[in-house]
file my_file27.cif (mmCIF, C-alpha atoms)
data_data
#
loop_
_atom_site.label_atom_id
_atom_site.label_comp_id
_atom_site.auth_asym_id
_atom_site.auth_seq_id
_atom_site.Cartn_x
_atom_site.Cartn_y
_atom_site.Cartn_z
CA MET A 1 143.50 70.18 70.43
CA SER A 2 147.16 71.10 70.19
CA VAL A 3 150.03 69.05 71.57
CA SER A 4 150.73 71.84 74.05
CA ALA A 5 147.14 71.73 75.35
CA THR A 6 147.22 67.93 75.64
CA GLU A 7 150.51 68.09 77.59
CA THR A 8 149.14 70.84 79.80
CA HIS A 9 146.00 68.88 80.63
CA ALA A 10 148.07 65.76 81.39
CA SER A 11 150.34 67.79 83.68
CA ILE A 12 147.37 69.17 85.60
CA LEU A 13 145.84 65.71 85.95
CA SER A 14 149.20 64.42 87.28
CA LEU A 15 149.19 66.92 90.19
CA PRO A 16 147.84 64.48 92.84
CA GLN A 17 150.71 62.03 92.35
CA LEU A 18 153.35 64.78 92.17
CA VAL A 19 152.04 66.56 95.28
CA ASN A 20 151.06 63.60 97.43
CA ASP A 21 154.48 61.97 96.91
CA ASP A 22 156.16 65.08 98.38
CA ALA A 23 155.92 64.70 102.18
CA GLY A 24 157.30 68.19 102.82
CA LEU A 25 154.72 69.80 100.56
CA VAL A 26 151.85 67.81 102.10
CA ARG A 27 153.06 68.85 105.57
CA ARG A 28 153.21 72.52 104.50
CA GLY A 29 149.57 72.38 103.41
CA ARG A 30 148.26 70.30 106.31
CA TYR A 31 145.95 73.10 107.53
CA LEU A 32 144.39 73.73 104.12
CA THR A 33 141.18 72.15 102.90
CA VAL A 34 139.85 73.90 99.81
CA THR A 35 138.63 73.42 96.25
CA PHE A 36 140.15 75.68 93.63
CA LEU A 37 139.88 75.94 89.88
CA VAL A 38 142.76 75.77 87.41
CA GLU A 39 141.87 76.79 83.88
CA ALA A 40 144.08 75.95 80.90
CA GLY A 41 142.64 77.74 77.89
CA ASP A 42 138.98 76.77 77.73
CA VAL A 43 139.33 73.61 79.87
CA GLU A 44 138.65 73.81 83.60
CA PHE A 45 139.97 71.55 86.35
CA LEU A 46 138.76 71.44 89.95
CA VAL A 47 141.54 70.70 92.40
CA ARG A 48 140.34 69.46 95.80
CA VAL A 49 142.82 69.75 98.66
CA ALA A 50 142.13 67.94 101.94
CA GLU A 51 144.60 68.72 104.72
CA GLY A 52 147.47 69.25 102.29
CA ARG A 53 146.84 66.18 100.15
CA LEU A 54 145.32 66.49 96.71
CA ALA A 55 142.17 64.41 97.06
CA SER A 56 141.20 64.83 93.41
CA VAL A 57 141.63 66.74 90.19
CA GLU A 58 138.55 66.68 87.97
CA ARG A 59 138.38 67.84 84.39
CA GLY A 60 135.37 69.98 83.42
CA PRO A 61 133.16 71.29 82.01
CA PHE A 62 131.35 72.01 85.25
CA LEU A 63 127.85 73.29 85.73
CA MET A 64 127.33 75.21 88.97
CA ARG A 65 130.30 73.66 90.81
CA SER A 66 131.71 75.84 93.56
CA TRP A 67 135.35 76.76 94.06
CA THR A 68 137.13 79.17 96.39
CA PHE A 69 139.62 80.77 94.00
CA ALA A 70 140.63 80.32 90.37
CA LEU A 71 143.95 80.37 88.53
CA ARG A 72 143.36 80.97 84.81
CA ALA A 73 145.85 80.98 81.93
CA SER A 74 146.25 79.57 78.42
CA ALA A 75 147.69 76.10 77.93
CA GLU A 76 150.80 77.67 76.37
CA THR A 77 151.26 79.92 79.42
CA TRP A 78 151.12 76.93 81.78
CA GLN A 79 153.71 75.12 79.61
CA ARG A 80 156.04 78.13 79.81
CA PHE A 81 155.46 78.30 83.59
CA TRP A 82 156.47 74.64 83.95
CA GLU A 83 159.72 74.94 82.00
CA ALA A 84 162.79 73.97 84.05
CA ALA A 85 164.08 77.56 83.79
CA PRO A 86 161.04 79.72 82.94
CA ALA A 87 161.46 83.02 81.13
CA PRO A 88 161.07 86.22 83.18
CA GLY A 89 157.39 86.83 83.83
CA TYR A 90 156.56 83.12 83.64
CA HIS A 91 158.42 82.04 86.79
CA ASP A 92 155.62 82.90 89.27
CA LEU A 93 151.82 83.08 89.37
CA PHE A 94 151.78 86.75 90.30
CA ALA A 95 154.41 87.59 87.68
CA MET A 96 152.15 85.98 85.06
CA LYS A 97 149.23 88.03 86.39
CA LYS A 98 151.29 91.21 86.18
CA LEU A 99 152.34 90.30 82.63
CA GLY A 100 148.66 89.90 81.75
CA VAL A 101 148.85 86.23 80.73
CA ALA A 102 147.08 84.84 83.82
CA ARG A 103 144.13 85.77 86.03
CA ILE A 104 143.59 85.09 89.73
CA GLU A 105 139.97 85.32 90.86
CA GLY A 106 137.70 84.55 93.80
CA ASP A 107 138.28 84.56 97.54
CA LEU A 108 141.97 85.32 97.80
CA ALA A 109 142.22 84.96 101.60
CA PRO A 110 142.82 81.16 101.57
CA LEU A 111 145.22 81.58 98.65
CA MET A 112 147.26 84.27 100.38
CA ALA A 113 147.24 82.43 103.73
CA ASN A 114 148.69 79.35 102.00
CA LEU A 115 150.52 81.05 99.15
CA ARG A 116 153.75 79.07 99.22
CA TYR A 117 151.85 75.78 99.33
CA VAL A 118 149.54 76.71 96.43
CA LYS A 119 152.45 78.03 94.35
CA ASP A 120 154.37 74.80 94.97
CA VAL A 121 151.32 72.71 94.07
CA VAL A 122 150.82 74.37 90.70
CA ALA A 123 154.60 74.35 90.07
CA ALA A 124 154.87 70.60 90.79
CA PRO A 125 155.10 69.68 87.06
CA ARG A 126 158.15 71.97 86.82
CA ARG A 127 159.98 69.83 89.36
CA ALA A 128 159.11 66.74 87.31
CA THR A 129 160.66 68.32 84.18
CA PRO A 130 164.29 67.35 83.64
CA SER A 131 166.46 70.46 83.85
CA PRO A 132 168.85 71.23 81.01
CA ARG A 133 172.47 70.29 81.59
CA ARG A 134 174.72 73.08 82.72
CA GLY A 135 176.15 75.04 79.82
CA GLU A 136 173.92 73.35 77.26
CA GLY A 137 173.06 75.67 74.41
CA ARG A 138 175.66 78.32 75.22
CA GLY A 139 178.76 76.69 73.78
CA GLU A 140 180.13 75.97 77.26
CA GLY A 141 181.54 72.65 78.28
CA ARG A 142 182.42 71.59 74.74
CA ALA A 143 185.90 70.45 73.74
#
call {"tool": "encode", "arguments": {"input": "my_file27.cif", "output": "structure tokens"}}
result
Amino acid sequence: MSVSATETHASILSLPQLVNDDAGLVRRGRYLTVTFLVEAGDVEFLVRVAEGRLASVERGPFLMRSWTFALRASAETWQRFWEAAPAPGYHDLFAMKKLGVARIEGDLAPLMANLRYVKDVVAAPRRATPSPRRGEGRGEGRA
């Protein structure tokens, strides 16, 4: 397993703490109770949401476990999505789908009805990533 895959899996497993510590995000999802699947490469995770709080994130493999919708991408794609300033096409779930590096499957009604909440849940590791300092890497701000 690559370092990128290990980091990706750790980020997904950290979602409950990242989401449940954000009162505004929990409030935004207070009307949502759902189980959805996040796939990173060949590893699946079931994310169970109960009234806006992440009740659990379980790592697969799963045999005959139900989920409402699935968000599937490679571990490298998820890492690019979680960068502090993602490249164009990796900044949004639907942009990744359009680019062909992610798939969204299943019953999309609960996803679309709670789109901002779900997008913020899966982007939570991005907020935990320290952002680069202004001007870093462009020769700005140097004496």
call {"tool": "axis_aligned_box", "arguments": {"input": "my_file27.cif", "around": "region 15-26 of chain A", "padding_each_side": "3 Å", "output": "AutoDock Vina command-line options"}}
result
--center_x 152.6 --center_y 65.9 --center_z 96.5 --size_x 15.5 --size_y 13.8 --size_z 18.6
call {"tool": "resolve_selection", "arguments": {"input": "my_file27.cif", "expression": "the PyMOL selection byres ((chain A and resi 25) around 10)", "output": "VMD selection string"}}
result
chain A and resid 18 to 24 26 to 30 52 to 53 116 to 118 120 to 121 124
call {"tool": "atom_distance", "arguments": {"input": "my_file27.cif", "atom1": "CA of Ile104 (chain A)", "atom2": "CA of Tyr90 (chain A)"}}
result
14.5 Å
call {"tool": "residues_around", "arguments": {"input": "my_file27.cif", "residues": "region 31-48 of chain A", "least_positions_apart": "3", "cutoff": "6 Å", "atoms": "all atoms listed in the file", "output": "short mmCIF file (atom, residue, chain, number, x, y, z; two decimals) with C-alpha atoms, in the frame of the given file"}}
result
data_model
loop_
_atom_site.label_atom_id
_atom_site.label_comp_id
_atom_site.auth_asym_id
_atom_site.auth_seq_id
_atom_site.Cartn_x
_atom_site.Cartn_y
_atom_site.Cartn_z
CA GLU A 51 144.60 68.72 104.72
CA GLY A 52 147.47 69.25 102.29
CA LEU A 54 145.32 66.49 96.71
CA ALA A 55 142.17 64.41 97.06
CA SER A 56 141.20 64.83 93.41
CA VAL A 57 141.63 66.74 90.19
CA GLU A 58 138.55 66.68 87.97
CA ARG A 59 138.38 67.84 84.39
CA GLY A 60 135.37 69.98 83.42
CA TRP A 67 135.35 76.76 94.06
CA THR A 68 137.13 79.17 96.39
CA PHE A 69 139.62 80.77 94.00
CA ALA A 70 140.63 80.32 90.37
CA LEU A 71 143.95 80.37 88.53
CA ARG A 72 143.36 80.97 84.81
CA ALA A 73 145.85 80.98 81.93
CA SER A 74 146.25 79.57 78.42
CA ALA A 75 147.69 76.10 77.93
#
call {"tool": "resolve_selection", "arguments": {"input": "my_file27.cif", "expression": "the PyMOL selection byres ((chain A and resi 96) around 12)", "output": "compact mmCIF listing (two decimals) with C-alpha atoms, in the frame of the given file"}}
result
# COMPACT_ATOMS: atom_id res chain seq x y z
CA LEU A 71 143.95 80.37 88.53
CA ARG A 72 143.36 80.97 84.81
CA ALA A 73 145.85 80.98 81.93
CA SER A 74 146.25 79.57 78.42
CA THR A 77 151.26 79.92 79.42
CA TRP A 78 151.12 76.93 81.78
CA ARG A 80 156.04 78.13 79.81
CA PHE A 81 155.46 78.30 83.59
CA PRO A 86 161.04 79.72 82.94
CA ALA A 87 161.46 83.02 81.13
CA PRO A 88 161.07 86.22 83.18
CA GLY A 89 157.39 86.83 83.83
CA TYR A 90 156.56 83.12 83.64
CA HIS A 91 158.42 82.04 86.79
CA ASP A 92 155.62 82.90 89.27
CA LEU A 93 151.82 83.08 89.37
CA PHE A 94 151.78 86.75 90.30
CA ALA A 95 154.41 87.59 87.68
CA LYS A 97 149.23 88.03 86.39
CA LYS A 98 151.29 91.21 86.18
CA LEU A 99 152.34 90.30 82.63
CA GLY A 100 148.66 89.90 81.75
CA VAL A 101 148.85 86.23 80.73
CA ALA A 102 147.08 84.84 83.82
CA ARG A 103 144.13 85.77 86.03
CA ILE A 104 143.59 85.09 89.73
call {"tool": "atom_distance", "arguments": {"input": "my_file27.cif", "atom1": "CA of His9 (chain A)", "atom2": "CA of Arg127 (chain A)"}}
result
16.5 Å
call {"tool": "atom_distance", "arguments": {"input": "my_file27.cif", "atom1": "CA of Gln79 (chain A)", "atom2": "CA of Lys119 (chain A)"}}
result
15.1 Å
call {"tool": "closest_residue", "arguments": {"input": "my_file27.cif", "among": "A:Glu105, A:Leu15, A:Phe62, A:Ala50", "to": "Ala123 (chain A)", "atoms": "only C-alpha atoms"}}
result
A:Leu15
call {"tool": "decode", "arguments": {"input": "my_file27.cif", "residues": "region 59-96 of chain A", "atoms": "C-alpha atoms", "output": "mmCIF file, in the first residue's frame"}}
result
data_model
loop_
_atom_site.group_PDB
_atom_site.id
_atom_site.type_symbol
_atom_site.label_atom_id
_atom_site.label_comp_id
_atom_site.auth_asym_id
_atom_site.auth_seq_id
_atom_site.Cartn_x
_atom_site.Cartn_y
_atom_site.Cartn_z
ATOM 1 C CA ARG A 59 -13.504 0.324 6.652
ATOM 2 C CA GLY A 60 -14.479 -2.545 4.327
ATOM 3 C CA PRO A 61 -14.520 -4.948 2.649
ATOM 4 C CA PHE A 62 -18.269 -5.292 2.997
ATOM 5 C CA LEU A 63 -20.455 -8.162 1.959
ATOM 6 C CA MET A 64 -24.037 -7.173 1.155
ATOM 7 C CA ARG A 65 -24.004 -3.936 3.193
ATOM 8 C CA SER A 66 -26.471 -1.340 1.984
ATOM 9 C CA TRP A 67 -25.712 2.303 1.254
ATOM 10 C CA THR A 68 -27.733 5.108 -0.311
ATOM 11 C CA PHE A 69 -25.125 6.680 -2.592
ATOM 12 C CA ALA A 70 -21.440 6.170 -3.316
ATOM 13 C CA LEU A 71 -18.530 8.519 -3.966
ATOM 14 C CA ARG A 72 -15.704 6.639 -5.702
ATOM 15 C CA ALA A 73 -12.208 7.834 -6.639
ATOM 16 C CA SER A 74 -8.592 6.701 -6.411
ATOM 17 C CA ALA A 75 -6.577 7.413 -3.277
ATOM 18 C CA GLU A 76 -4.441 9.858 -5.277
ATOM 19 C CA THR A 77 -7.560 11.712 -6.452
ATOM 20 C CA TRP A 78 -8.795 12.120 -2.869
ATOM 21 C CA GLN A 79 -5.357 13.450 -1.848
ATOM 22 C CA ARG A 80 -5.474 16.029 -4.657
ATOM 23 C CA PHE A 81 -9.047 16.952 -3.621
ATOM 24 C CA TRP A 82 -7.892 17.573 -0.038
ATOM 25 C CA GLU A 83 -4.980 19.850 -0.959
ATOM 26 C CA ALA A 84 -5.258 23.318 0.598
ATOM 27 C CA ALA A 85 -5.568 24.845 -2.895
ATOM 28 C CA PRO A 86 -6.671 21.996 -5.200
ATOM 29 C CA ALA A 87 -5.887 22.087 -8.907
ATOM 30 C CA PRO A 88 -8.756 22.895 -11.294
ATOM 31 C CA GLY A 89 -10.963 19.843 -11.645
ATOM 32 C CA TYR A 90 -10.052 18.560 -8.180
ATOM 33 C CA HIS A 91 -11.736 21.333 -6.177
ATOM 34 C CA ASP A 92 -15.259 19.812 -6.194
ATOM 35 C CA LEU A 93 -16.915 16.387 -6.312
ATOM 36 C CA PHE A 94 -18.806 17.151 -9.506
ATOM 37 C CA ALA A 95 -15.721 18.665 -11.137
ATOM 38 C CA MET A 96 -13.876 15.402 -10.424
#
